[in-house]
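J.: This is entry_10.csv (CSV, C-alpha atoms).
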```csv
chain,number,residue,atom,x,y,z
A,231,MET,CA,27.1,31.0,-125.9
A,232,ASP,CA,25.1,31.1,-122.6
A,233,ASN,CA,22.9,28.1,-121.6
A,234,LYS,CA,19.4,29.4,-120.5
A,235,THR,CA,16.8,27.2,-118.9
A,236,SER,CA,13.8,26.9,-121.1
A,237,PHE,CA,10.3,27.3,-119.4
A,238,ASP,CA,8.0,24.4,-120.0
A,239,ARG,CA,4.9,25.9,-121.5
A,240,SER,CA,2.9,22.8,-120.6
A,241,LEU,CA,2.8,24.0,-117.0
A,242,PHE,CA,0.5,26.9,-117.8
A,243,ILE,CA,-2.6,24.7,-118.0
A,244,PRO,CA,-2.4,23.1,-114.5
A,245,ILE,CA,-1.5,26.5,-113.0
A,246,PHE,CA,-4.5,28.2,-114.7
A,247,ILE,CA,-6.8,25.4,-113.6
A,248,GLY,CA,-5.6,25.7,-109.9
A,249,VAL,CA,-6.0,29.5,-109.8
A,250,PHE,CA,-9.4,29.3,-111.4
A,251,SER,CA,-10.5,26.6,-108.9
A,252,VAL,CA,-9.5,28.8,-105.9
A,253,VAL,CA,-11.3,31.8,-107.3
A,254,GLY,CA,-14.4,29.8,-108.0
A,255,ILE,CA,-14.5,28.4,-104.5
A,256,CYS,CA,-14.2,31.9,-103.0
A,257,LEU,CA,-17.0,33.2,-105.3
A,258,ILE,CA,-19.3,30.3,-104.2
A,259,LEU,CA,-18.7,31.0,-100.5
A,260,ILE,CA,-19.4,34.7,-100.9
A,261,ALA,CA,-22.5,34.1,-102.9
A,262,SER,CA,-23.9,31.6,-100.4
A,263,ARG,CA,-23.2,34.1,-97.5
A,264,LEU,CA,-25.1,36.9,-99.3
A,265,THR,CA,-28.1,34.9,-100.3
A,266,VAL,CA,-28.7,33.1,-97.0
A,267,THR,CA,-32.0,34.0,-95.3
A,268,ARG,CA,-32.2,34.5,-91.6
A,269,GLY,CA,-34.8,32.5,-89.7
A,270,GLN,CA,-37.9,34.2,-88.5
A,271,GLY,CA,-39.3,33.5,-85.0
A,272,ILE,CA,-42.9,32.7,-84.8
A,273,THR,CA,-44.7,34.2,-81.7
A,274,THR,CA,-48.1,33.3,-80.3
A,275,ASP,CA,-49.9,35.5,-77.8
A,276,THR,CA,-51.0,33.6,-74.7
A,277,ALA,CA,-53.6,34.5,-72.1
A,278,THR,CA,-51.1,34.5,-69.2
A,279,PRO,CA,-48.8,37.5,-69.3
A,280,MET,CA,-45.1,37.0,-68.5
A,281,LYS,CA,-43.7,38.5,-65.4
A,282,TYR,CA,-40.2,39.1,-66.8
A,283,GLN,CA,-38.9,40.4,-70.2
A,284,PHE,CA,-36.3,38.3,-71.9
A,285,LEU,CA,-33.8,39.9,-74.3
A,286,ALA,CA,-34.1,38.4,-77.8
A,287,THR,CA,-30.9,37.3,-79.6
A,288,GLU,CA,-32.3,37.4,-83.1
A,289,PRO,CA,-34.3,40.2,-84.8
A,290,GLY,CA,-37.9,39.6,-85.3
A,291,VAL,CA,-38.5,37.6,-82.1
A,292,VAL,CA,-40.6,39.6,-79.7
A,293,PHE,CA,-41.6,38.5,-76.2
A,294,PRO,CA,-44.5,40.1,-74.4
A,295,THR,CA,-43.4,42.5,-71.6
A,296,GLU,CA,-46.7,43.0,-69.7
A,297,VAL,CA,-46.5,42.2,-66.0
A,298,ALA,CA,-49.5,41.1,-64.0
A,299,SER,CA,-50.9,43.7,-61.7
A,300,PRO,CA,-51.0,43.0,-57.9
A,301,THR,CA,-54.8,42.7,-58.0
A,302,GLU,CA,-54.6,39.7,-60.4
A,303,LEU,CA,-52.4,37.7,-58.0
A,304,PRO,CA,-54.4,35.1,-56.0
A,305,ALA,CA,-54.7,35.7,-52.3
A,306,THR,CA,-52.6,33.6,-50.0
A,307,SER,CA,-54.2,32.1,-46.9
A,308,ILE,CA,-52.5,30.9,-43.8
A,309,PRO,CA,-54.2,28.1,-41.8
A,310,THR,CA,-55.6,29.1,-38.4
A,311,PHE,CA,-54.5,27.3,-35.3
A,312,ASP,CA,-54.4,28.0,-31.5
A,313,LEU,CA,-51.3,27.5,-29.4
A,314,ILE,CA,-52.4,26.1,-26.0
A,315,LEU,CA,-49.8,26.0,-23.3
A,316,PRO,CA,-49.9,23.9,-20.1
A,317,THR,CA,-51.5,25.7,-17.1
A,318,PRO,CA,-49.4,25.3,-14.0
A,319,THR,CA,-51.1,25.5,-10.6
A,320,LEU,CA,-49.7,26.7,-7.2
A,321,PHE,CA,-51.7,25.8,-4.1
A,322,GLY,CA,-54.8,25.3,-6.2
A,323,PHE,CA,-54.6,28.7,-8.1
A,324,LYS,CA,-54.6,28.4,-11.9
A,325,SER,CA,-52.3,30.8,-13.6
A,326,PRO,CA,-54.0,32.4,-16.7
A,327,VAL,CA,-52.1,31.7,-20.0
A,328,PRO,CA,-53.0,33.8,-23.0
A,329,THR,CA,-54.1,32.0,-26.1
A,330,ILE,CA,-52.1,33.0,-29.3
A,331,SER,CA,-54.0,32.9,-32.6
A,332,ARG,CA,-52.3,33.0,-35.9
A,333,ALA,CA,-53.5,35.5,-38.6
A,334,THR,CA,-56.1,34.0,-41.0
A,335,SER,CA,-54.8,35.8,-44.1
A,336,VAL,CA,-51.9,37.8,-45.3
A,337,GLY,CA,-51.7,41.3,-43.8
A,338,GLN,CA,-53.8,40.6,-40.7
A,339,PRO,CA,-52.0,41.0,-37.3
A,340,PHE,CA,-51.7,38.4,-34.6
A,341,SER,CA,-54.2,38.6,-31.8
A,342,THR,CA,-53.9,37.5,-28.2
A,343,SER,CA,-56.7,37.0,-25.7
A,344,THR,CA,-56.4,36.5,-21.9
A,345,PRO,CA,-59.0,34.2,-20.5
A,346,THR,CA,-60.6,34.9,-17.1
A,347,PRO,CA,-58.7,32.9,-14.5
A,348,SER,CA,-60.7,30.3,-12.7
A,349,VAL,CA,-59.8,29.8,-9.0
A,350,SER,CA,-59.9,26.3,-7.6
A,351,PRO,CA,-60.3,25.5,-3.9
A,352,THR,CA,-57.1,26.3,-1.9
A,353,VAL,CA,-55.1,23.6,-0.3
A,354,GLN,CA,-56.4,22.9,3.2
A,355,PHE,CA,-53.8,23.0,5.9
A,356,LEU,CA,-56.3,22.8,8.8
A,357,ASN,CA,-58.2,19.8,10.1
A,358,VAL,CA,-55.5,17.5,8.6
A,359,THR,CA,-54.6,14.3,10.4
A,360,TYR,CA,-51.0,13.0,9.9
A,361,ASP,CA,-50.7,9.3,10.6
A,362,ASP,CA,-47.5,8.0,12.3
A,363,ALA,CA,-46.6,6.3,9.0
A,364,ASP,CA,-46.9,9.6,7.0
A,365,PHE,CA,-43.7,10.5,5.1
A,366,LYS,CA,-43.8,13.9,6.8
A,367,PHE,CA,-42.7,12.4,10.1
A,368,LEU,CA,-38.8,12.4,10.3
A,369,TYR,CA,-37.8,9.6,12.7
A,370,THR,CA,-34.4,9.4,14.3
A,371,GLY,CA,-33.3,6.4,16.3
A,372,ASN,CA,-34.6,2.9,16.7
A,373,TRP,CA,-38.4,3.3,16.0
A,374,VAL,CA,-40.5,0.2,15.2
A,375,SER,CA,-43.6,0.4,13.0
A,376,GLN,CA,-46.5,-1.7,14.2
A,377,THR,CA,-49.7,-2.5,12.2
A,378,GLY,CA,-53.0,-4.0,13.1
A,379,VAL,CA,-53.2,-2.1,16.4
A,380,THR,CA,-56.8,-1.7,17.4
A,381,ASP,CA,-58.2,1.7,18.7
A,382,THR,CA,-55.6,3.6,16.7
A,383,TYR,CA,-55.7,5.9,13.7
A,384,GLN,CA,-55.4,3.6,10.6
A,385,ASN,CA,-54.4,0.8,13.0
A,386,THR,CA,-50.7,1.8,13.1
A,387,LEU,CA,-48.2,2.8,15.8
A,388,HIS,CA,-44.6,3.8,15.9
A,389,VAL,CA,-42.9,2.5,19.1
A,390,SER,CA,-39.6,3.5,20.6
A,391,SER,CA,-37.8,1.4,23.3
A,392,THR,CA,-34.6,3.5,23.3
A,393,ILE,CA,-34.2,6.7,25.2
A,394,GLY,CA,-33.1,9.5,22.9
A,395,ASP,CA,-35.2,8.4,19.9
A,396,SER,CA,-37.0,11.4,18.4
A,397,VAL,CA,-39.3,12.4,15.6
A,398,GLN,CA,-40.1,15.8,14.0
A,399,LEU,CA,-43.1,17.1,12.0
A,400,SER,CA,-43.5,20.5,10.3
A,401,PHE,CA,-47.1,21.8,9.9
A,402,VAL,CA,-49.0,25.0,9.3
A,403,GLY,CA,-51.7,25.9,11.8
A,404,GLN,CA,-52.5,27.2,15.2
A,405,LYS,CA,-53.0,24.1,17.4
A,406,ILE,CA,-52.2,20.4,17.3
A,407,ARG,CA,-53.6,17.3,19.0
A,408,PHE,CA,-51.1,14.5,19.6
A,409,SER,CA,-52.6,11.0,19.9
A,410,TYR,CA,-50.9,8.0,21.5
A,411,GLN,CA,-51.7,4.8,23.4
A,412,ALA,CA,-51.2,5.0,27.2
A,413,GLY,CA,-50.6,1.9,29.3
A,414,PRO,CA,-48.8,0.4,32.2
A,415,SER,CA,-45.0,0.7,32.4
A,416,LEU,CA,-44.8,3.2,29.5
A,417,GLY,CA,-42.3,6.0,29.6
A,418,ALA,CA,-42.2,9.7,29.3
A,419,ILE,CA,-41.6,12.0,26.3
A,420,ALA,CA,-40.6,15.6,25.8
A,421,ILE,CA,-42.5,17.8,23.4
A,422,LYS,CA,-40.7,20.8,21.9
A,423,LEU,CA,-43.0,23.1,19.9
A,424,ASP,CA,-41.1,25.9,18.3
A,425,GLY,CA,-39.3,27.4,21.4
A,426,ALA,CA,-41.5,26.0,24.1
A,427,ASP,CA,-40.9,22.7,26.0
A,428,TYR,CA,-43.5,20.3,27.4
A,429,SER,CA,-43.4,16.9,29.1
A,430,LEU,CA,-45.9,14.0,28.9
A,431,GLU,CA,-46.1,10.7,30.8
A,432,GLN,CA,-47.6,7.9,28.7
A,433,SER,CA,-48.1,5.6,31.7
A,434,ALA,CA,-51.6,4.7,32.8
A,435,THR,CA,-53.4,2.0,34.7
A,436,ASN,CA,-55.1,0.6,31.6
A,437,THR,CA,-54.2,0.6,28.0
A,438,VAL,CA,-56.3,3.4,26.5
A,439,ALA,CA,-56.2,5.9,23.6
A,440,SER,CA,-55.1,9.3,24.9
A,441,THR,CA,-54.4,12.8,23.5
A,442,TRP,CA,-52.4,15.9,24.3
A,443,GLU,CA,-53.3,19.3,22.9
A,444,SER,CA,-50.9,22.3,22.4
A,445,PRO,CA,-51.7,25.8,23.3
A,446,VAL,CA,-53.0,28.2,20.6
A,447,LEU,CA,-50.2,29.4,18.3
A,448,VAL,CA,-49.9,32.0,15.6
A,449,LEU,CA,-51.3,30.8,12.3
A,450,SER,CA,-48.0,30.1,10.5
A,451,SER,CA,-45.5,27.3,9.9
A,452,HIS,CA,-44.4,25.4,13.1
A,453,LEU,CA,-42.1,22.5,14.0
A,454,VAL,CA,-42.8,20.0,16.7
A,455,THR,CA,-40.2,17.5,18.1
A,456,ILE,CA,-41.1,14.5,20.3
A,457,THR,CA,-38.3,12.8,22.2
A,458,HIS,CA,-38.2,9.6,24.3
A,459,ILE,CA,-36.7,10.9,27.6
A,460,SER,CA,-37.3,8.2,30.3
A,461,GLY,CA,-39.0,5.0,31.4
A,462,GLY,CA,-40.3,2.2,29.3
A,463,SER,CA,-41.3,2.3,25.7
A,464,ILE,CA,-43.3,5.2,24.2
A,465,ASN,CA,-45.5,5.4,21.1
A,466,ILE,CA,-46.9,7.8,18.5
A,467,ASP,CA,-50.3,7.3,16.9
A,468,SER,CA,-51.1,10.6,15.0
A,469,ILE,CA,-51.0,14.3,15.0
A,470,VAL,CA,-54.0,16.4,14.0
A,471,VAL,CA,-53.8,20.1,13.0
A,472,LEU,CA,-56.9,21.7,14.4
A,473,ASP,CA,-59.0,24.4,12.7
A,474,LEU,CA,-59.7,27.3,15.1
A,475,SER,CA,-61.7,29.4,12.7
A,476,THR,CA,-64.7,31.1,14.3
A,477,PRO,CA,-68.0,30.6,12.5
A,478,THR,CA,-70.0,33.6,11.5
A,479,PRO,CA,-72.6,34.3,14.2
A,480,THR,CA,-76.3,34.1,13.3
A,481,LEU,CA,-78.2,37.2,14.2
A,482,THR,CA,-81.6,36.7,15.8
A,483,PRO,CA,-84.0,39.5,15.0
A,484,THR,CA,-85.7,41.1,18.0
A,485,PRO,CA,-89.4,41.5,18.0
```
Turn this file's structure into structure tokens for me.

T.:
Amino acid sequence: MDNKTSFDRSLFIPIFIGVFSVVGICLILIASRLTVTRGQGITTDTATPMKYQFLATEPGVVFPTEVASPTELPATSIPTFDLILPTPTLFGFKSPVPTISRATSVGQPFSTSTPTPSVSPTVQFLNVTYDDADFKFLYTGNWVSQTGVTDTYQNTLHVSSTIGDSVQLSFVGQKIRFSYQAGPSLGAIAIKLDGADYSLEQSATNTVASTWESPVLVLSSHLVTITHISGGSINIDSIVVLDLSTPTPTLTPTP
């Protein structure tokens, strides 16, 4: 006779309770999902319209889509200022520089204005006196500067005791006057003016202020060179560039 395993009937109760519990839980989850209520968004209209439209992620939420018209936007202003540049001058003439003005509001173009140039007096090259101590004199050799000398221009002299000493001066004009102190035992100098050569003895019986004038030249730039060529010491007081302009004649009415 076969031995068969007998089924314990007492297991039906816990199995039934377990299955019923699983089914109950599932039913509760399904019921709660079906009965849930979605949230409703509350919107409030504002006085300021929005510029951009946002996409809502939940139904029932509506954002206004009206965009402000260009006429409602406030006008933007740009401050006004003037750009003033330095005004260089060349021989007394002032170069005009335009004044740049920024636009005062959006959409207005820039504007430039050219002022009327004002002409200042030109640099005077004539009737100019160059003292021997002026930086424009270029000395070569063993020159000695003396001060406190009476009867001289600005009481100064440049004295050379060495033959071969020279000095140069560039000037603009038509004629020059060379001033020096003549005296006993003084030497001689050579004056080279552009391409012409001249000689001058500075010796004299008494010490006295003396001058030498050049011939009339073309009104342009010139170079004069003074060289100690012989004898005792020589000296330089000043050089004057003369003005040879002719004044306008005055007409006398005839009766």

J.: Can you list, as number ranges by chain, every protein, DNA or RNA residue that comes within 12 Å of Val379 (chain A) when you count all atoms listed in the file, leaving out same-chain residues fewer than 3 positions away?

T.: A: 375-376, 382-389, 410-411, 437-439, 465-467

J.: For CA of Arg263 (chain A) and CA of Ile247 (chain A), determine how far apart the two atoms are, in Å to one decimal place.

T.: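 Computing the Euclidean distance for CA of Arg263 (chain A) and CA of Ile247 (chain A) yields 24.6 Å.
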
J.: Please measure the separation of CA of Ala420 (chain A) and CA of Thr455 (chain A), giving the value in Å to one decimal.

T.: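 Pair CA of Ala420 (chain A) / CA of Thr455 (chain A) returns 7.9 Å.
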
J.: Could you give me, as an mmCIF file with C-alpha atoms, in the coordinates of the input, the residues within 9 Å of Leu399 (chain A), counting all atoms listed in the file and dropping anything in the same chain fewer than 4 positions from it?

T.:
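So the final result, stored in selection_25.cif, reads:
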```cif
data_model
loop_
_atom_site.group_PDB
_atom_site.id
_atom_site.type_symbol
_atom_site.label_atom_id
_atom_site.label_comp_id
_atom_site.auth_asym_id
_atom_site.auth_seq_id
_atom_site.Cartn_x
_atom_site.Cartn_y
_atom_site.Cartn_z
ATOM 1 C CA LYS A 366 -43.800 13.900 6.800
ATOM 2 C CA PHE A 367 -42.700 12.400 10.100
ATOM 3 C CA LEU A 368 -38.800 12.400 10.300
ATOM 4 C CA HIS A 452 -44.400 25.400 13.100
ATOM 5 C CA LEU A 453 -42.100 22.500 14.000
ATOM 6 C CA VAL A 454 -42.800 20.000 16.700
ATOM 7 C CA THR A 455 -40.200 17.500 18.100
ATOM 8 C CA ILE A 456 -41.100 14.500 20.300
ATOM 9 C CA ILE A 469 -51.000 14.300 15.000
#
```

J.: For His458 (chain A), please output as a PDB file with C-alpha atoms, keeping the file's coordinate frame all residues within 7 Å (counting only C-alpha atoms; exclusion window: fewer than 6 positions along the same chain).

T.:
```
ATOM      1  CA  ILE A 393     -34.200   6.700  25.200  1.00  0.00           C
ATOM      2  CA  GLY A 394     -33.100   9.500  22.900  1.00  0.00           C
ATOM      3  CA  ASP A 395     -35.200   8.400  19.900  1.00  0.00           C
ATOM      4  CA  SER A 396     -37.000  11.400  18.400  1.00  0.00           C
ATOM      5  CA  ALA A 418     -42.200   9.700  29.300  1.00  0.00           C
ATOM      6  CA  ILE A 419     -41.600  12.000  26.300  1.00  0.00           C
ATOM      7  CA  ALA A 420     -40.600  15.600  25.800  1.00  0.00           C
ATOM      8  CA  ILE A 464     -43.300   5.200  24.200  1.00  0.00           C
TER       9      ILE A 464
END
```

J.: Quick one: pull the distance between CA of Val397 (chain A) and CA of Asn436 (chain A), Å, one decimal.

T.: 25.4 Å

J.: Go through A:Ala426, A:Leu241, A:Ile421, A:Leu416 and flag the residue nearest Gly461 (chain A), using all atoms listed in the file for the distances.

T.: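 Of A:Ala426, A:Leu241, A:Ile421, A:Leu416, the one nearest Gly461 (chain A) is A:Leu416, counting all atoms listed in the file.
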
J.: Give the answer as one residue: which of A:Leu474, A:Ser463, A:Asn372, A:Ile243 has the shortest atom-to-atom distance to Ser391 (chain A), using all atoms listed in the file?

T.: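 Of the candidates, the smallest distance to Ser391 (chain A) is held by A:Ser463.
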
J.: My list of candidates is A:Thr359, A:Ser409, A:Ser400, A:Ser262. Which is closest to Asp473 (chain A) when distances are computed with all atoms listed in the file?

T.: A:Thr359

J.: Please list, as number ranges by chain, the residues that have an atom at most 9 Å away from (-51.9, 15.2, 29.8) in the coordinates of this file, counting all atoms listed in the file.

T.: A: 429-432, 440-443

J.: Please write the residues from the selection above to a file, keeping C-alpha atoms, as a JSON list (two decimals), in the frame of the given file.

T.:
```json
[["chain", "number", "residue", "atom", "x", "y", "z"],
["A", 429, "SER", "CA", -43.40, 16.90, 29.10],
["A", 430, "LEU", "CA", -45.90, 14.00, 28.90],
["A", 431, "GLU", "CA", -46.10, 10.70, 30.80],
["A", 432, "GLN", "CA", -47.60, 7.90, 28.70],
["A", 440, "SER", "CA", -55.10, 9.30, 24.90],
["A", 441, "THR", "CA", -54.40, 12.80, 23.50],
["A", 442, "TRP", "CA", -52.40, 15.90, 24.30],
["A", 443, "GLU", "CA", -53.30, 19.30, 22.90]]
```

J.: From the list A:Tyr428, A:Phe401, A:Trp373, A:Phe242, which residue is nearest Leu356 (chain A) when using only C-alpha atoms?

T.: A:Phe401

J.: Could you check which of A:Gly248, A:Gly371, A:Gly254, A:Pro445 is closest to Asp424 (chain A), using all atoms listed in the file?

T.: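 Distance minimum relative to Asp424 (chain A) lands on A:Pro445.
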